[in-house]
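Colleague: See upload_35.pdb below, with PDB, C-alpha atoms.
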```pdb
ATOM      1  CA  MET A  13       9.024 -10.993 -13.446
ATOM      2  CA  ARG A  14       6.772  -8.241 -14.672
ATOM      3  CA  VAL A  15       3.688  -6.434 -13.389
ATOM      4  CA  ALA A  16       1.067  -7.338 -15.990
ATOM      5  CA  GLY A  17      -1.946  -5.505 -14.527
ATOM      6  CA  LEU A  18      -3.179  -3.230 -11.753
ATOM      7  CA  GLY A  19      -6.581  -2.798 -10.140
ATOM      8  CA  ALA A  20      -8.171  -0.622  -7.449
ATOM      9  CA  ALA A  21     -11.351  -0.601  -5.381
ATOM     10  CA  VAL A  22     -12.568   1.828  -2.717
ATOM     11  CA  PRO A  23     -15.882   2.014  -0.843
ATOM     12  CA  GLN A  24     -18.687   4.185  -2.174
ATOM     13  CA  GLN A  25     -18.956   6.425   0.892
ATOM     14  CA  ARG A  26     -16.649   9.450   0.788
ATOM     15  CA  VAL A  27     -16.089  11.186   4.129
ATOM     16  CA  SER A  28     -14.582  14.666   3.854
ATOM     17  CA  ASN A  29     -12.695  16.598   6.507
ATOM     18  CA  HIS A  30     -15.723  18.865   6.793
ATOM     19  CA  ASP A  31     -17.865  15.820   7.594
ATOM     20  CA  LEU A  32     -15.481  14.859  10.409
ATOM     21  CA  ALA A  33     -15.371  18.437  11.713
ATOM     22  CA  GLU A  34     -19.121  18.253  12.345
ATOM     23  CA  ARG A  35     -18.550  15.748  15.151
ATOM     24  CA  LEU A  36     -14.860  16.038  16.098
ATOM     25  CA  ASP A  37     -12.761  18.900  17.458
ATOM     26  CA  THR A  38     -10.899  19.388  14.195
ATOM     27  CA  SER A  39     -11.072  21.315  10.916
ATOM     28  CA  ASP A  40     -10.299  20.875   7.260
ATOM     29  CA  ALA A  41      -7.393  23.319   7.527
ATOM     30  CA  TRP A  42      -5.893  21.467  10.510
ATOM     31  CA  ILE A  43      -6.082  18.059   8.821
ATOM     32  CA  VAL A  44      -4.815  19.226   5.417
ATOM     33  CA  GLY A  45      -1.982  21.224   6.965
ATOM     34  CA  ARG A  46      -0.661  18.278   8.961
ATOM     35  CA  THR A  47      -1.418  15.358   6.657
ATOM     36  CA  GLY A  48      -2.381  16.482   3.149
ATOM     37  CA  ILE A  49      -5.606  14.492   3.523
ATOM     38  CA  LYS A  50      -8.888  16.022   2.336
ATOM     39  CA  ALA A  51     -11.156  12.969   2.380
ATOM     40  CA  ARG A  52     -11.253   9.218   2.810
ATOM     41  CA  HIS A  53     -13.545   6.365   1.741
ATOM     42  CA  ILE A  54     -15.195   4.362   4.518
ATOM     43  CA  ALA A  55     -16.702   0.902   4.043
ATOM     44  CA  GLY A  56     -20.447   0.611   4.443
ATOM     45  CA  LEU A  57     -22.830  -2.298   4.826
ATOM     46  CA  GLY A  58     -21.707  -5.219   2.677
ATOM     47  CA  GLU A  59     -18.331  -3.683   1.870
ATOM     48  CA  THR A  60     -15.805  -5.992   3.491
ATOM     49  CA  THR A  61     -12.065  -6.533   3.248
ATOM     50  CA  THR A  62     -12.844  -9.566   1.089
ATOM     51  CA  SER A  63     -15.253  -7.781  -1.248
ATOM     52  CA  LEU A  64     -12.861  -4.868  -1.761
ATOM     53  CA  ALA A  65      -9.916  -7.221  -2.327
ATOM     54  CA  ALA A  66     -11.871  -9.360  -4.790
ATOM     55  CA  GLU A  67     -12.986  -6.323  -6.793
ATOM     56  CA  ALA A  68      -9.442  -4.954  -6.981
ATOM     57  CA  GLY A  69      -8.222  -8.393  -8.056
ATOM     58  CA  ARG A  70     -10.931  -8.655 -10.702
ATOM     59  CA  ARG A  71      -9.938  -5.286 -12.156
ATOM     60  CA  ALA A  72      -6.232  -6.151 -12.110
ATOM     61  CA  LEU A  73      -6.889  -9.352 -14.057
ATOM     62  CA  ALA A  74      -8.975  -7.425 -16.581
ATOM     63  CA  ASP A  75      -6.175  -4.874 -16.919
ATOM     64  CA  ALA A  76      -3.720  -7.729 -17.561
ATOM     65  CA  GLY A  77      -6.059  -9.348 -20.088
ATOM     66  CA  LEU A  78      -6.011 -12.591 -18.125
ATOM     67  CA  ALA A  79      -8.827 -14.939 -17.176
ATOM     68  CA  PRO A  80      -9.165 -16.010 -13.517
ATOM     69  CA  ALA A  81      -8.189 -19.533 -14.541
ATOM     70  CA  ALA A  82      -4.667 -18.277 -15.298
ATOM     71  CA  VAL A  83      -3.929 -17.451 -11.645
ATOM     72  CA  ASP A  84      -1.713 -19.922  -9.779
ATOM     73  CA  LEU A  85      -1.209 -18.020  -6.512
ATOM     74  CA  VAL A  86      -3.185 -15.452  -4.491
ATOM     75  CA  LEU A  87      -1.517 -13.399  -1.768
ATOM     76  CA  VAL A  88      -3.520 -10.897   0.271
ATOM     77  CA  ALA A  89      -1.794  -8.400   2.529
ATOM     78  CA  THR A  90      -4.185  -7.305   5.267
ATOM     79  CA  ALA A  91      -4.270  -6.454   8.954
ATOM     80  CA  THR A  92      -8.073  -6.432   9.015
ATOM     81  CA  PRO A  93      -9.337  -9.820   7.787
ATOM     82  CA  ASP A  94     -13.076 -10.408   7.944
ATOM     83  CA  THR A  95     -12.513 -13.661   9.840
ATOM     84  CA  PRO A  96      -9.478 -15.292  11.482
ATOM     85  CA  CYS A  97     -10.044 -18.451   9.453
ATOM     86  CA  PRO A  98      -9.981 -19.181   6.582
ATOM     87  CA  SER A  99      -7.582 -16.688   5.055
ATOM     88  CA  THR A 100      -8.787 -13.664   3.117
ATOM     89  CA  SER A 101      -6.887 -15.063   0.119
ATOM     90  CA  ALA A 102      -9.084 -18.165   0.207
ATOM     91  CA  ARG A 103     -12.241 -16.063   0.357
ATOM     92  CA  VAL A 104     -11.018 -13.897  -2.527
ATOM     93  CA  ALA A 105     -10.172 -16.968  -4.580
ATOM     94  CA  ALA A 106     -13.673 -18.301  -3.959
ATOM     95  CA  ASP A 107     -15.272 -14.986  -4.953
ATOM     96  CA  LEU A 108     -13.245 -14.833  -8.173
ATOM     97  CA  GLY A 109     -13.788 -18.497  -9.027
ATOM     98  CA  LEU A 110     -10.080 -19.331  -8.831
ATOM     99  CA  ARG A 111      -8.543 -22.719  -8.239
ATOM    100  CA  ALA A 112      -5.301 -21.393  -6.800
ATOM    101  CA  SER A 113      -3.265 -21.688  -3.638
ATOM    102  CA  GLY A 114      -2.683 -18.693  -1.440
ATOM    103  CA  PHE A 115      -2.192 -17.174   1.977
ATOM    104  CA  ASP A 116      -2.377 -13.874   3.839
ATOM    105  CA  VAL A 117       0.464 -11.567   4.874
ATOM    106  CA  ASN A 118      -0.020  -9.307   7.900
ATOM    107  CA  GLY A 119       2.566  -6.574   7.628
ATOM    108  CA  ALA A 120       0.101  -3.727   8.234
ATOM    109  CA  CYS A 121       1.107  -0.749   6.058
ATOM    110  CA  SER A 122       4.184  -2.570   4.720
ATOM    111  CA  GLY A 123       2.177  -5.703   3.911
ATOM    112  CA  PHE A 124       1.757  -5.204   0.170
ATOM    113  CA  VAL A 125       5.484  -4.865  -0.477
ATOM    114  CA  HIS A 126       6.150  -7.909   1.742
ATOM    115  CA  ALA A 127       3.610  -9.851  -0.336
ATOM    116  CA  PHE A 128       5.146  -8.517  -3.571
ATOM    117  CA  HIS A 129       8.575  -9.727  -2.420
ATOM    118  CA  THR A 130       7.117 -13.138  -1.631
ATOM    119  CA  ALA A 131       5.274 -13.503  -4.921
ATOM    120  CA  ALA A 132       8.319 -12.426  -6.934
ATOM    121  CA  ALA A 133      10.399 -15.103  -5.199
ATOM    122  CA  LEU A 134       7.737 -17.798  -5.639
ATOM    123  CA  LEU A 135       7.556 -17.101  -9.379
ATOM    124  CA  ALA A 136      10.892 -18.941  -9.551
ATOM    125  CA  ASP A 137       8.839 -22.106  -8.871
ATOM    126  CA  PRO A 138       7.981 -23.583 -12.297
ATOM    127  CA  SER A 139       4.473 -24.447 -11.071
ATOM    128  CA  ILE A 140       3.665 -20.751 -10.564
ATOM    129  CA  GLY A 141       3.385 -18.519 -13.610
ATOM    130  CA  VAL A 142       0.829 -15.930 -12.492
ATOM    131  CA  ALA A 143       0.448 -14.442  -9.013
ATOM    132  CA  LEU A 144      -2.326 -12.114  -7.884
ATOM    133  CA  VAL A 145      -1.016  -9.847  -5.114
ATOM    134  CA  ILE A 146      -3.562  -7.737  -3.235
ATOM    135  CA  GLY A 147      -3.307  -5.174  -0.458
ATOM    136  CA  ALA A 148      -6.641  -4.654   1.288
ATOM    137  CA  ASP A 149      -7.612  -3.085   4.584
ATOM    138  CA  ARG A 150     -10.752  -1.851   6.282
ATOM    139  CA  PHE A 151      -9.062   0.196   8.964
ATOM    140  CA  SER A 152     -12.340   1.851   9.904
ATOM    141  CA  SER A 153     -13.073  -1.413  11.745
ATOM    142  CA  ILE A 154     -10.181  -0.822  14.184
ATOM    143  CA  VAL A 155     -10.158   2.984  14.413
ATOM    144  CA  ASP A 156     -12.052   4.793  17.175
ATOM    145  CA  PRO A 157     -14.414   7.120  15.271
ATOM    146  CA  ASP A 158     -14.290   9.581  18.175
ATOM    147  CA  ASP A 159     -10.493   9.822  18.318
ATOM    148  CA  ARG A 160      -9.458  12.789  16.197
ATOM    149  CA  GLY A 161      -5.824  11.669  16.341
ATOM    150  CA  THR A 162      -6.524   8.548  14.282
ATOM    151  CA  ALA A 163     -10.006   8.936  12.767
ATOM    152  CA  VAL A 164      -8.787  11.640  10.391
ATOM    153  CA  LEU A 165      -5.853   9.581   9.113
ATOM    154  CA  PHE A 166      -7.239   6.301   7.828
ATOM    155  CA  GLY A 167      -9.472   5.114   5.007
ATOM    156  CA  ASP A 168     -10.551   1.794   3.515
ATOM    157  CA  GLY A 169      -9.690   0.264   0.172
ATOM    158  CA  ALA A 170      -7.897  -2.382  -1.856
ATOM    159  CA  GLY A 171      -5.350  -2.456  -4.650
ATOM    160  CA  ALA A 172      -4.033  -5.382  -6.666
ATOM    161  CA  ALA A 173      -1.196  -6.313  -8.999
ATOM    162  CA  VAL A 174      -0.860  -9.272 -11.363
ATOM    163  CA  LEU A 175       2.710 -10.582 -11.460
ATOM    164  CA  THR A 176       3.883 -12.898 -14.233
ATOM    165  CA  ARG A 177       7.152 -14.636 -14.954
ATOM    166  CA  GLY A 178       9.364 -12.930 -17.540
ATOM    167  CA  GLU A 179      12.637 -13.680 -19.276
ATOM    168  CA  ALA A 180      15.733 -13.216 -17.112
ATOM    169  CA  ILE A 181      17.738 -11.167 -19.623
ATOM    170  CA  PRO A 182      19.578  -7.848 -19.298
ATOM    171  CA  GLY A 183      17.220  -4.905 -19.645
ATOM    172  CA  ALA A 184      14.132  -7.036 -19.041
ATOM    173  CA  PRO A 185      11.470  -5.839 -16.592
ATOM    174  CA  GLY A 186      11.751  -7.053 -13.056
ATOM    175  CA  VAL A 187      13.272  -6.496  -9.633
ATOM    176  CA  LEU A 188      16.592  -4.622  -9.665
ATOM    177  CA  GLY A 189      17.139  -4.274  -5.926
ATOM    178  CA  THR A 190      15.350  -5.018  -2.657
ATOM    179  CA  ASP A 191      15.499  -4.382   1.063
ATOM    180  CA  LEU A 192      13.727  -5.866   4.062
ATOM    181  CA  GLY A 193      14.210  -4.718   7.639
ATOM    182  CA  GLY A 194      12.610  -3.655  10.850
ATOM    183  CA  ASP A 195      12.939  -2.160  14.299
ATOM    184  CA  PRO A 196      10.789  -4.182  16.735
ATOM    185  CA  SER A 197      11.647  -1.778  19.547
ATOM    186  CA  GLY A 198       8.927   0.396  18.005
ATOM    187  CA  VAL A 199       6.216  -2.238  18.239
ATOM    188  CA  ALA A 200       4.069  -0.156  20.621
ATOM    189  CA  ILE A 201       4.231   3.036  18.531
ATOM    190  CA  LEU A 202       1.301   1.862  16.384
ATOM    191  CA  GLU A 203      -0.737  -1.061  17.646
ATOM    192  CA  VAL A 204      -4.048  -2.458  18.708
ATOM    193  CA  PRO A 205      -3.118  -3.174  22.347
ATOM    194  CA  ARG A 206      -3.799  -6.583  23.868
ATOM    195  CA  GLY A 207      -7.445  -6.662  24.841
ATOM    196  CA  GLY A 208      -8.123  -3.435  22.960
ATOM    197  CA  ALA A 209     -10.462  -2.777  20.068
ATOM    198  CA  TYR A 210      -8.876   0.279  18.467
ATOM    199  CA  VAL A 211      -5.551   1.449  17.112
ATOM    200  CA  ALA A 212      -3.330   3.422  19.482
ATOM    201  CA  MET A 213      -0.589   5.588  18.017
ATOM    202  CA  ASP A 214       2.301   7.785  19.095
ATOM    203  CA  GLY A 215       2.117  10.188  16.155
ATOM    204  CA  PRO A 216       5.325  12.247  16.594
ATOM    205  CA  GLU A 217       7.507   9.186  17.212
ATOM    206  CA  LEU A 218       5.900   7.322  14.332
ATOM    207  CA  PHE A 219       6.671  10.273  12.035
ATOM    208  CA  ARG A 220      10.341  10.229  13.011
ATOM    209  CA  ARG A 221      10.817   6.480  12.748
ATOM    210  CA  ALA A 222       8.735   6.055   9.595
ATOM    211  CA  THR A 223      10.736   8.721   7.801
ATOM    212  CA  ARG A 224      14.054   7.221   8.896
ATOM    213  CA  GLY A 225      12.913   3.719   7.913
ATOM    214  CA  LEU A 226      11.744   4.757   4.440
ATOM    215  CA  VAL A 227      15.012   6.579   3.770
ATOM    216  CA  ALA A 228      17.208   3.743   5.034
ATOM    217  CA  SER A 229      15.289   1.077   3.134
ATOM    218  CA  GLY A 230      15.099   3.034  -0.103
ATOM    219  CA  SER A 231      18.813   3.799   0.044
ATOM    220  CA  ALA A 232      19.673   0.153   0.720
ATOM    221  CA  ALA A 233      17.589  -1.145  -2.208
ATOM    222  CA  LEU A 234      19.142   1.399  -4.571
ATOM    223  CA  GLY A 235      22.603   0.531  -3.320
ATOM    224  CA  ARG A 236      22.080  -3.168  -3.996
ATOM    225  CA  ALA A 237      21.040  -2.285  -7.548
ATOM    226  CA  GLY A 238      24.088  -0.092  -8.035
ATOM    227  CA  ALA A 239      21.769   2.881  -8.470
ATOM    228  CA  THR A 240      21.252   6.304  -6.916
ATOM    229  CA  ALA A 241      18.262   8.568  -6.374
ATOM    230  CA  ALA A 242      19.004  10.180  -9.739
ATOM    231  CA  ASP A 243      18.139   6.859 -11.424
ATOM    232  CA  VAL A 244      14.612   6.753  -9.958
ATOM    233  CA  ASP A 245      11.889   7.752 -12.413
ATOM    234  CA  LEU A 246       9.039   7.345  -9.915
ATOM    235  CA  TYR A 247       8.984   7.007  -6.130
ATOM    236  CA  VAL A 248       5.912   5.254  -4.683
ATOM    237  CA  PRO A 249       6.151   5.084  -0.873
ATOM    238  CA  HIS A 250       3.472   4.041   1.591
ATOM    239  CA  GLN A 251       0.846   6.772   1.578
ATOM    240  CA  ALA A 252       0.775   7.527   5.308
ATOM    241  CA  ASN A 253       0.581  11.293   4.996
ATOM    242  CA  ALA A 254       2.034  13.990   2.794
ATOM    243  CA  ARG A 255       4.556  15.228   5.353
ATOM    244  CA  ILE A 256       6.199  11.823   5.826
ATOM    245  CA  ILE A 257       6.318  11.257   2.066
ATOM    246  CA  GLY A 258       7.799  14.693   1.455
ATOM    247  CA  ALA A 259      10.403  14.317   4.190
ATOM    248  CA  ALA A 260      11.487  10.861   2.971
ATOM    249  CA  ALA A 261      11.730  11.963  -0.668
ATOM    250  CA  ASP A 262      13.725  15.040   0.280
ATOM    251  CA  ARG A 263      16.232  13.041   2.331
ATOM    252  CA  LEU A 264      16.589  10.472  -0.436
ATOM    253  CA  GLY A 265      17.187  13.244  -2.959
ATOM    254  CA  ILE A 266      14.139  12.481  -5.105
ATOM    255  CA  THR A 267      12.491  15.594  -6.534
ATOM    256  CA  GLU A 268       8.795  16.284  -6.025
ATOM    257  CA  ASP A 269       7.935  15.727  -9.692
ATOM    258  CA  ARG A 270       9.036  12.083  -9.371
ATOM    259  CA  VAL A 271       6.962  11.328  -6.252
ATOM    260  CA  VAL A 272       3.495   9.747  -6.259
ATOM    261  CA  LEU A 273       1.255  11.426  -3.665
ATOM    262  CA  ASP A 274      -2.166   9.791  -3.375
ATOM    263  CA  VAL A 275      -3.373  10.653   0.139
ATOM    264  CA  ALA A 276      -5.628  13.643  -0.583
ATOM    265  CA  GLU A 277      -8.754  11.644  -1.456
ATOM    266  CA  ARG A 278      -7.907   8.254   0.073
ATOM    267  CA  ALA A 279      -5.965   8.946   3.290
ATOM    268  CA  ASN A 280      -3.886   6.118   4.756
ATOM    269  CA  THR A 281      -5.349   2.831   3.493
ATOM    270  CA  SER A 282      -2.631   0.678   5.100
ATOM    271  CA  ALA A 283      -1.710  -2.333   2.918
ATOM    272  CA  ALA A 284      -3.849  -0.964   0.089
ATOM    273  CA  SER A 285      -2.041   2.371  -0.176
ATOM    274  CA  ILE A 286       0.848   1.382  -2.460
ATOM    275  CA  PRO A 287      -1.133  -0.619  -5.047
ATOM    276  CA  LEU A 288      -3.783   2.128  -5.068
ATOM    277  CA  ALA A 289      -1.040   4.698  -5.689
ATOM    278  CA  LEU A 290       0.496   2.569  -8.461
ATOM    279  CA  GLU A 291      -2.887   2.205 -10.160
ATOM    280  CA  ALA A 292      -3.496   5.956  -9.897
ATOM    281  CA  ALA A 293      -0.053   6.662 -11.395
ATOM    282  CA  GLN A 294      -0.781   4.274 -14.255
ATOM    283  CA  ARG A 295      -4.123   5.975 -14.982
ATOM    284  CA  ALA A 296      -2.395   9.352 -14.974
ATOM    285  CA  GLY A 297       0.181   8.155 -17.504
ATOM    286  CA  ARG A 298       3.063   8.489 -15.050
ATOM    287  CA  LEU A 299       4.178   4.833 -15.359
ATOM    288  CA  ARG A 300       5.866   4.086 -18.661
ATOM    289  CA  PRO A 301       7.805   1.125 -20.106
ATOM    290  CA  GLY A 302      11.397   1.197 -18.930
ATOM    291  CA  HIS A 303      10.697   3.405 -15.940
ATOM    292  CA  ARG A 304      12.660   2.551 -12.817
ATOM    293  CA  VAL A 305      10.260   2.606  -9.898
ATOM    294  CA  LEU A 306      11.135   2.645  -6.206
ATOM    295  CA  VAL A 307       8.299   1.155  -4.113
ATOM    296  CA  SER A 308       8.707   1.342  -0.350
ATOM    297  CA  GLY A 309       6.430   0.427   2.546
ATOM    298  CA  ILE A 310       6.701   0.840   6.304
ATOM    299  CA  GLY A 311       4.185  -0.286   8.874
ATOM    300  CA  ALA A 312       3.349  -1.288  12.420
ATOM    301  CA  GLY A 313       5.982  -3.474  13.897
ATOM    302  CA  LEU A 314       8.010  -1.435  12.831
ATOM    303  CA  ALA A 315       8.849  -3.208   9.587
ATOM    304  CA  TRP A 316       9.863  -1.902   6.196
ATOM    305  CA  SER A 317      10.140  -3.351   2.726
ATOM    306  CA  THR A 318      11.366  -1.891  -0.567
ATOM    307  CA  VAL A 319      11.432  -3.062  -4.180
ATOM    308  CA  TYR A 320      13.292  -1.204  -6.928
ATOM    309  CA  LEU A 321      12.071  -2.452 -10.299
ATOM    310  CA  ARG A 322      12.012  -1.758 -14.009
ATOM    311  CA  TRP A 323       8.485  -1.202 -15.296
ATOM    312  CA  ASP A 324       7.101  -2.696 -18.500
ATOM    313  CA  ARG A 325       3.529  -1.516 -19.183
TER     314      ARG A 325
END
```
Turn this file's structure into structure tokens for me.
Modeller:
Amino acid sequence: MRVAGLGAAVPQQRVSNHDLAERLDTSDAWIVGRTGIKARHIAGLGETTTSLAAEAGRRALADAGLAPAAVDLVLVATATPDTPCPSTSARVAADLGLRASGFDVNGACSGFVHAFHTAAALLADPSIGVALVIGADRFSSIVDPDDRGTAVLFGDGAGAAVLTRGEAIPGAPGVLGTDLGGDPSGVAILEVPRGGAYVAMDGPELFRRATRGLVASGSAALGRAGATAADVDLYVPHQANARIIGAAADRLGITEDRVVLDVAERANTSAASIPLALEAAQRAGRLRPGHRVLVSGIGAGLAWSTVYLRWDR
């Protein structure tokens, strides 16, 4: 398979650290020093998980040069659907005028890579030639705006990728190695508790486990591909915060110049973070044909998911 197009969408409203410091006991220096985050985009009236996902999908299709009618499958990774039923994928398909099957994947911050895995596998079905994979979350809907421990960390947004079937020949673009895993003993480290309305988080423990999970998963995917960190041209992990990304890259042995860091203006956008980072890297000219890209997500659960692939755009 190959990634034929990428798209991104974020809400209009930009909320800086200085804006948060006006009502919370925090500061720009404190937030930047601990997370690398300077601002985030927060959904306003009429900006929903569905609308953000649909816009990202629309832009990804335009980037791929494909009409909506070409799409056979829509997968949306989200932990913040607008409604429990029907799926966000169905609502996105309706907004885009698609006649395609689809379903949602709730893997929180690892959701996009889970959905990517799923779409790549389903492309082996001869009835599916084009899959639209979207990560979209409106975490502002489940974050307590008065909790400085979480309000500073999260933003809203959506990113999308168009996957198409390619020729299975040596040197062709596609998945080189994968890894899926998890540690359910950490389920309470980041969760919306039963009966609760907002996310609760054990920040220090999440930092430790997230870093370990990213390193273990990245190493496993590279090992299955017969590759090492030296073979990675670009590392695109979940954009939780700069310290986790830096620690994971350092332990993997991937130098800073090969790491995509996209948290400064977007913060942690959960399932949207990886496709947003990929789209930003593409715009910056950092993704080139033949590049070997390590994409790794980790999220609430704790669950992790990694894809090591050869790029062709």
Colleague: Pick the closest to A:Gln24 from A:Gly297, A:Gly186, A:Gly215, A:Gly56: which is it, counting only C-alpha atoms?
Modeller: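 Of all the options, A:Gly56 lies closest to A:Gln24.
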Colleague: Do you know which residues are at most 12 Å from A:Ala315 counting all atoms listed in the file, after dropping those on the same chain fewer than 4 positions away, and could you put them as a compact mmCIF listing (two decimals) with C-alpha atoms, in the coordinates of the input?
Modeller:
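Once everything was written out, this is around38.txt:
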```
# COMPACT_ATOMS: atom_id res chain seq x y z
CA ASN A 118 -0.02 -9.31 7.90
CA GLY A 119 2.57 -6.57 7.63
CA ALA A 120 0.10 -3.73 8.23
CA CYS A 121 1.11 -0.75 6.06
CA SER A 122 4.18 -2.57 4.72
CA GLY A 123 2.18 -5.70 3.91
CA PHE A 124 1.76 -5.20 0.17
CA VAL A 125 5.48 -4.86 -0.48
CA HIS A 126 6.15 -7.91 1.74
CA ASP A 191 15.50 -4.38 1.06
CA LEU A 192 13.73 -5.87 4.06
CA GLY A 193 14.21 -4.72 7.64
CA GLY A 194 12.61 -3.66 10.85
CA ASP A 195 12.94 -2.16 14.30
CA PRO A 196 10.79 -4.18 16.74
CA SER A 197 11.65 -1.78 19.55
CA GLY A 198 8.93 0.40 18.00
CA VAL A 199 6.22 -2.24 18.24
CA ILE A 201 4.23 3.04 18.53
CA LEU A 202 1.30 1.86 16.38
CA LEU A 218 5.90 7.32 14.33
CA ARG A 221 10.82 6.48 12.75
CA ALA A 222 8.74 6.06 9.60
CA ARG A 224 14.05 7.22 8.90
CA GLY A 225 12.91 3.72 7.91
CA LEU A 226 11.74 4.76 4.44
CA ALA A 228 17.21 3.74 5.03
CA SER A 229 15.29 1.08 3.13
CA SER A 308 8.71 1.34 -0.35
CA GLY A 309 6.43 0.43 2.55
CA ILE A 310 6.70 0.84 6.30
CA GLY A 311 4.18 -0.29 8.87
```
Colleague: Name the residues in contact with A:Ala68 at a cut-off of 8 Å, using all atoms listed in the file, excluding same-chain residues fewer than 3 positions from it; report them as a ChimeraX atom specification.
Modeller: /A:19-21,64-65,71-72,146,170-172
Colleague: From the list A:Thr190, A:Ala293, A:Asp214, A:Asp116, which residue is nearest A:Ala148 when using all atoms listed in the file?
Modeller: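 Distance minimum relative to A:Ala148 lands on A:Asp116.
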Colleague: Which residues match the PyMOL selection byres ((chain A and resi 88) around 7) in the file above, as a PDB file with C-alpha atoms, in the frame of the given file?
Modeller:
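Result went into out.pdb, see below:
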```pdb
ATOM      1  CA  VAL A  86      -3.185 -15.452  -4.491  1.00  0.00           C
ATOM      2  CA  LEU A  87      -1.517 -13.399  -1.768  1.00  0.00           C
ATOM      3  CA  ALA A  89      -1.794  -8.400   2.529  1.00  0.00           C
ATOM      4  CA  THR A  90      -4.185  -7.305   5.267  1.00  0.00           C
ATOM      5  CA  THR A 100      -8.787 -13.664   3.117  1.00  0.00           C
ATOM      6  CA  SER A 101      -6.887 -15.063   0.119  1.00  0.00           C
ATOM      7  CA  PHE A 115      -2.192 -17.174   1.977  1.00  0.00           C
ATOM      8  CA  ASP A 116      -2.377 -13.874   3.839  1.00  0.00           C
ATOM      9  CA  VAL A 117       0.464 -11.567   4.874  1.00  0.00           C
ATOM     10  CA  VAL A 145      -1.016  -9.847  -5.114  1.00  0.00           C
ATOM     11  CA  ILE A 146      -3.562  -7.737  -3.235  1.00  0.00           C
ATOM     12  CA  GLY A 147      -3.307  -5.174  -0.458  1.00  0.00           C
TER      13      GLY A 147
END
```
Colleague: Can you measure atom CA of A:Arg177 to atom CA of A:Gly141 for me? One decimal in Å is fine.
Modeller: 5.6 Å
Colleague: Can you work out which one of A:Ala237, A:Ala131, A:Ala173, A:Met13 has the shortest atom-to-atom distance to A:Pro287, counting all atoms listed in the file?
Modeller: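 So, comparing all the options, the nearest one is A:Ala173.
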Colleague: Determine, counting only C-alpha atoms, which protein, DNA and RNA residues have an atom within 6 Å of an atom of A:Ala233; residues of the same chain fewer than 2 positions away are not included. Present the result as a ChimeraX atom specification.
Modeller: /A:189-191,230-231,235-236
Colleague: Do you have the atom CA of A:Ala239-atom CA of A:Leu135 distance handy?
Modeller: 24.5 Å
